[in-house]
Each structure stands twice: as structure tokens, then as C-alpha cells.
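Visitor: Before we start, here is the structure in question, set down as C-alpha cells.
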Amino acid sequence: MPVGLGQLAGSDPARSDELPDLLDRLRRLPDPRRLRGRRHSLSYVLALAACSVLAGAKSLTAIAEWAADVPEQLLLRCGAALHDPDRPYRAPCEATVRRVLQRIDGDALDAAIGGWLTARADASRAAQEEHPPPCPVRAAVAVDGKSLRGAIRADGRRVHLISALRGDGIVLAQREVEAKSNEITAFRPLLEQLDLTDAVVTFDALLTQTDHAKFLVEEKGAHYIAVLKANHPTLHTLVKDLPWKDVPLMTRTRTAAHGRDEIRRLKAVTVPRLPFPHAGQALQIVRRRRTVRSGKVSLERVYAVTSLTAHQATAADLAERVRGHWAIENREHHVRDVTFGEDASRVRTGTAPRAMASLRNLAIGPLRIAGRDNIAEGLRHHGRDMARPLATFGLM
């Protein structure tokens, strides 16, 4: 078990229907292969693929090579079935892994992964909180898109994914943006099945749509912080022209990382009858960045609206939510690009690019839950012992 989940030992055992294990969730997925000639179960192939990615595998070939070296007793833990008396348990070959990932139902796979990660993260947090706060903190959910640069279709279109990332680094949901469409049409299906009651959903200017605001507040019982840019000229101009000089500074934060010194200032003002559904406050965020090596300074002003009133969220709360949305680039996109080499991946056929992204999310999640900030170090740790990925996923 991961370090972060070890504290569950003293709590009451959960029923199987409360916290289904990873294999249980994978067994519920529809198998896209024909029944004839099927040697390995879908859950078995996916479990081995997930463990290999957690051990550092970055390609379909690497997944198959890692699985081929797994001892038989560990194959059994992943759901292997008896087929050959001379060798009771066998690993799937690369062709089998490729066929499965190219044909898997991406929506069903992401739902299974998101559900498992959410259950584990909530169980870990509940076990660690001996004295939970009297007023629960609103969950933060950042929605953002990412193109897989190496996964180019035959028509020249890149695979583009949109994800909902919780503040603790757990990917709750993920969808592929369909051809001849964009993130706007994928927003509602992405969040439809999630419990967002009282959560704060943040998104960039492209997703700042009146229908999205109504959907979040009226149907999901959530709040939002929506960034404004020139693609919403009327509302953007209205908020930008507010007398911000007369509004006192409410919060100021400073961070130094990755060779940059960044100062963020936030102002918030209540504006009645803003021409956007359920908008109660307007925000101005000023970011001043200085590159340490060159000394170059850049200044950026960002405007936003939020459904949170001044009584529902302090300035510090709002600043943390906005900063958390920008951190999605570091907590998910940057890790997948740099640590997993996602943009360099040449996997491009069928649903395989999305499935590989889903497996990377599944690998990152338990490391975040266990308190590991250095994902590369976590992959190296799991790569040194084949039993470790299985233990982290609860298969041991």
C-alpha cells in the first residue's frame, strides 16, 4: 500500500461496493475484441499496462517488454488466467496490448480511472484528518485542454484532450475533443457525471460561456471563476474599465521557482447586475514575472468573474483558486510532457493516444495521494521492483 494509504489500517473496513478495487472497475469495461481467439481478459491487459506505466514505460513496446519480464506470481495478482499447463500464466504480447488500447472505449476507461482515483484520494484524506474542519473547504476543479503533439491523425489533426483536475492533482475526468469541434462542446459531457456540489470550477476564456455558468450553478450546484479575454469583448471591456485604481489591494503572493520570481496581486469588487449568469464579483489579477538569469520583467493583467460572493470566499481563497488553475500546467501537463514524454510519443492510431494519457493519469494519481511531488523519482522507485506498482494499485 502507498504510504499515504497506510493510515487506513486502523479504520473500519470499507465494503466492496464502497471502494471497488482497480481490477473490479476494469472488469466492468466493455471489451472491444471479438470473443473468438481472445486469450487474455481486458482487465488483465489494462492492469499490466497501468503497472508498467507506473514503472516508467512510455510506449506500447515498453509496456509489452515490462509485462514479459513479470514473474508468474505477480501476473496472477493482475488477473492472469490458466491457458498453458507448461507455463500457467503468460503475459500479453505487444500486438495484444496494441489492439486493446487502440479499440478501448476511452470514455469508459476514463470514468473507471477517475472513479478509482477519487475514491482512493477521499479515503486517504479522511484517514489523515483526525479533526476535520467544521466548515468543509470547497473543492477546486480546474478544466483545461491539452493537445498531444506527437499524435497526429491521417487528416493532420492532433488528438486534443480536455480534463477536469482536482486541486490535489487527481484527474477526475477526461474526454477527447471530437473532430470539427472544440472544448466548448466537450465541457458539459466532461462534467456531467461528476459530483460538483459546492465545488469551485475554474476555466479559461474559451470556456467562459453563459450556458456553462448556468449549468454549473443551476444544475451541478457548483461555483465558478471564469477568465475573461477579448473573445468576450463587451464583458471584458466592462470589467477592465472598472475603477480598479480605487479598489484596495486585497492579497499579494510571491513565489520563486523554475528560474522565475513571480508576484501576484488580486483585487475583487462586487458589481451588481453583471451581464453574465450568476456573476457576483469581478476580479483583477496582476502577475509580475522576473526571469532570474536575464532580469527580464513581464507584467500581465487578467480579468475574471466569479459566482462566489464576498461572504462566500475571501480574497486569499480567490487567489488560491486562480493560482491553482494556472498550476494545472505544472501538475498535469508539464509532468506528462517532460516525465512521460507525452508530446514525443508517436502513438496515434485509434483510441491508443487517449488510452496512454489515461494510464499516465492513473500512474500520477497514486503518487500524488502518497504525497510524492517528484513524479520522476516516484517512477524510478517503482521501476526498481516489479512488485511495487502492484502494491501501489492495491493488487498485492
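Residues in the C-alpha cells are named by chain (A, B, ... in the order shown) and by number from 1 within that chain; ligands are numbered from 1 in the order shown.
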Compile the contact shell of stretch 231-243 of chain A as a ChimeraX atom specification: residues with an atom at most 10 Å away, counting only C-alpha atoms, same-chain residues fewer than 6 positions apart removed.
Guide: /A:205-206,208-209,269,271,274-276,281-284,301-305
Visitor: Sort by chain and increasing residue number a table of all residues of stretch 143-238 of chain A within 8 Å of stretch 324-334 of chain A, each with its closest pair of atoms and their distance in Å to one decimal, counting only C-alpha atoms, and write it as a tab-separated table.
Guide:
residue	atom	partner	partner_atom	distance
A:Val143	CA	A:His325	CA	7.9
A:Asp144	CA	A:Ile328	CA	7.9
A:Lys146	CA	A:His333	CA	7.3
A:Leu165	CA	A:Ile328	CA	7.4
A:Gly167	CA	A:Gly324	CA	6.7
A:Gly169	CA	A:Arg331	CA	6.2
A:Thr202	CA	A:His325	CA	6.3
A:Phe203	CA	A:His325	CA	7.3
Visitor: Could those selected residues go to a file with N, CA, C and O atoms, as an mmCIF file, in the first residue's frame?
Guide:
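Everything below was put into selection.cif:
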data_model
loop_
_atom_site.group_PDB
_atom_site.id
_atom_site.type_symbol
_atom_site.label_atom_id
_atom_site.label_comp_id
_atom_site.auth_asym_id
_atom_site.auth_seq_id
_atom_site.Cartn_x
_atom_site.Cartn_y
_atom_site.Cartn_z
ATOM 1 N N VAL A 143 -10.538 23.059 -15.205
ATOM 2 C CA VAL A 143 -10.834 22.461 -16.506
ATOM 3 C C VAL A 143 -9.925 23.098 -17.545
ATOM 4 O O VAL A 143 -9.893 24.332 -17.670
ATOM 5 N N ASP A 144 -9.205 22.261 -18.272
ATOM 6 C CA ASP A 144 -8.271 22.777 -19.266
ATOM 7 C C ASP A 144 -8.037 21.728 -20.343
ATOM 8 O O ASP A 144 -8.245 20.534 -20.110
ATOM 9 N N LYS A 146 -5.534 20.040 -23.639
ATOM 10 C CA LYS A 146 -4.149 19.754 -23.988
ATOM 11 C C LYS A 146 -4.111 18.970 -25.298
ATOM 12 O O LYS A 146 -4.835 17.991 -25.459
ATOM 13 N N LEU A 165 -9.261 18.555 -13.468
ATOM 14 C CA LEU A 165 -8.230 18.210 -12.495
ATOM 15 C C LEU A 165 -8.580 18.801 -11.140
ATOM 16 O O LEU A 165 -8.821 20.006 -11.021
ATOM 17 N N GLY A 167 -7.880 19.901 -7.162
ATOM 18 C CA GLY A 167 -6.789 20.677 -6.593
ATOM 19 C C GLY A 167 -5.646 19.844 -6.047
ATOM 20 O O GLY A 167 -4.511 20.324 -5.964
ATOM 21 N N GLY A 169 -4.378 17.285 -7.487
ATOM 22 C CA GLY A 169 -3.657 16.656 -8.576
ATOM 23 C C GLY A 169 -4.326 15.430 -9.163
ATOM 24 O O GLY A 169 -3.757 14.780 -10.039
ATOM 25 N N THR A 202 -12.839 26.262 -12.193
ATOM 26 C CA THR A 202 -12.128 27.337 -12.879
ATOM 27 C C THR A 202 -11.846 26.917 -14.314
ATOM 28 O O THR A 202 -11.592 25.747 -14.588
ATOM 29 N N PHE A 203 -11.890 27.899 -15.230
ATOM 30 C CA PHE A 203 -11.631 27.619 -16.641
ATOM 31 C C PHE A 203 -11.203 28.900 -17.330
ATOM 32 O O PHE A 203 -11.394 30.007 -16.812
#
Visitor: Residues of stretch 223-253 of chain A in strand (DSSP E) according to DSSP, as a list of chain:residue names?
Guide: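 Matching residues, listed in order: A:His223, A:Tyr224, A:Ile225, A:Ala226, A:Val227, A:Leu228, A:Thr251, A:Arg252, A:Thr253.
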Visitor: Residues as selected, N, CA, C and O atoms, written as a PDB file, in the first residue's frame, can you do that?
Guide:
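Generated file (result.pdb):
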ATOM      1  N   HIS A 223     -19.809  26.453  -7.987  1.00  0.00           N
ATOM      2  CA  HIS A 223     -19.427  27.838  -8.234  1.00  0.00           C
ATOM      3  C   HIS A 223     -18.387  27.861  -9.355  1.00  0.00           C
ATOM      4  O   HIS A 223     -17.836  26.827  -9.723  1.00  0.00           O
ATOM      5  N   TYR A 224     -18.114  29.030  -9.882  1.00  0.00           N
ATOM      6  CA  TYR A 224     -17.142  29.125 -10.964  1.00  0.00           C
ATOM      7  C   TYR A 224     -16.304  30.393 -10.825  1.00  0.00           C
ATOM      8  O   TYR A 224     -16.710  31.369 -10.199  1.00  0.00           O
ATOM      9  N   ILE A 225     -15.117  30.335 -11.413  1.00  0.00           N
ATOM     10  CA  ILE A 225     -14.272  31.515 -11.656  1.00  0.00           C
ATOM     11  C   ILE A 225     -13.906  31.445 -13.133  1.00  0.00           C
ATOM     12  O   ILE A 225     -13.219  30.520 -13.570  1.00  0.00           O
ATOM     13  N   ALA A 226     -14.408  32.414 -13.904  1.00  0.00           N
ATOM     14  CA  ALA A 226     -14.262  32.396 -15.356  1.00  0.00           C
ATOM     15  C   ALA A 226     -13.359  33.540 -15.804  1.00  0.00           C
ATOM     16  O   ALA A 226     -13.627  34.707 -15.503  1.00  0.00           O
ATOM     17  N   VAL A 227     -12.313  33.205 -16.525  1.00  0.00           N
ATOM     18  CA  VAL A 227     -11.370  34.202 -17.039  1.00  0.00           C
ATOM     19  C   VAL A 227     -11.976  34.893 -18.256  1.00  0.00           C
ATOM     20  O   VAL A 227     -12.660  34.270 -19.075  1.00  0.00           O
ATOM     21  N   LEU A 228     -11.718  36.189 -18.371  1.00  0.00           N
ATOM     22  CA  LEU A 228     -12.232  36.985 -19.485  1.00  0.00           C
ATOM     23  C   LEU A 228     -11.089  37.443 -20.369  1.00  0.00           C
ATOM     24  O   LEU A 228     -10.035  37.832 -19.877  1.00  0.00           O
ATOM     25  N   THR A 251      -4.889  40.976  -1.712  1.00  0.00           N
ATOM     26  CA  THR A 251      -3.934  39.919  -1.386  1.00  0.00           C
ATOM     27  C   THR A 251      -2.753  40.001  -2.327  1.00  0.00           C
ATOM     28  O   THR A 251      -2.880  40.424  -3.480  1.00  0.00           O
ATOM     29  N   ARG A 252      -1.608  39.577  -1.817  1.00  0.00           N
ATOM     30  CA  ARG A 252      -0.366  39.590  -2.596  1.00  0.00           C
ATOM     31  C   ARG A 252       0.422  38.341  -2.230  1.00  0.00           C
ATOM     32  O   ARG A 252       0.632  38.041  -1.056  1.00  0.00           O
ATOM     33  N   THR A 253       0.840  37.587  -3.239  1.00  0.00           N
ATOM     34  CA  THR A 253       1.635  36.383  -3.016  1.00  0.00           C
ATOM     35  C   THR A 253       2.875  36.434  -3.890  1.00  0.00           C
ATOM     36  O   THR A 253       2.886  37.072  -4.944  1.00  0.00           O
TER      37      THR A 253
END
Visitor: Of the candidates A:Leu395, A:Pro389, A:Ala370, A:Val247, which shows the shortest atom-to-atom distance to A:Ala123, using only C-alpha atoms?
Guide: A:Ala370
Visitor: Can you tell me, as number ranges by chain, which residues in stretch 188-384 of chain A count as alpha helix (DSSP H) by DSSP?
Guide: A: 188-191, 210-214, 233-240, 315-326, 328, 334, 352-369, 375-383
Visitor: Enter the distance from atom CA of A:Leu191 to atom CA of A:Gly394, in Å, rounded to one decimal.
Guide: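 Pair atom CA of A:Leu191 / atom CA of A:Gly394 returns 27.2 Å.
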Visitor: Just how far from atom CA of A:Met356 is atom CA of A:Lys58, in Å to one decimal?
Guide: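 Pair atom CA of A:Lys58 / atom CA of A:Met356 returns 8.5 Å.
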Visitor: In Å to one decimal, how far is atom CA of A:Asp211 from atom CA of A:Leu196?
Guide: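 Atom CA of A:Leu196 sits 16.3 Å away from atom CA of A:Asp211.
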Visitor: Given only C-alpha atoms as the basis, pick out the residue of A:Asp337, A:Ser41, A:Glu377, A:Gly115 nearest to A:Ala81.
Guide: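 Comparing A:Asp337, A:Ser41, A:Glu377, A:Gly115 against A:Ala81, the winner is A:Ser41.
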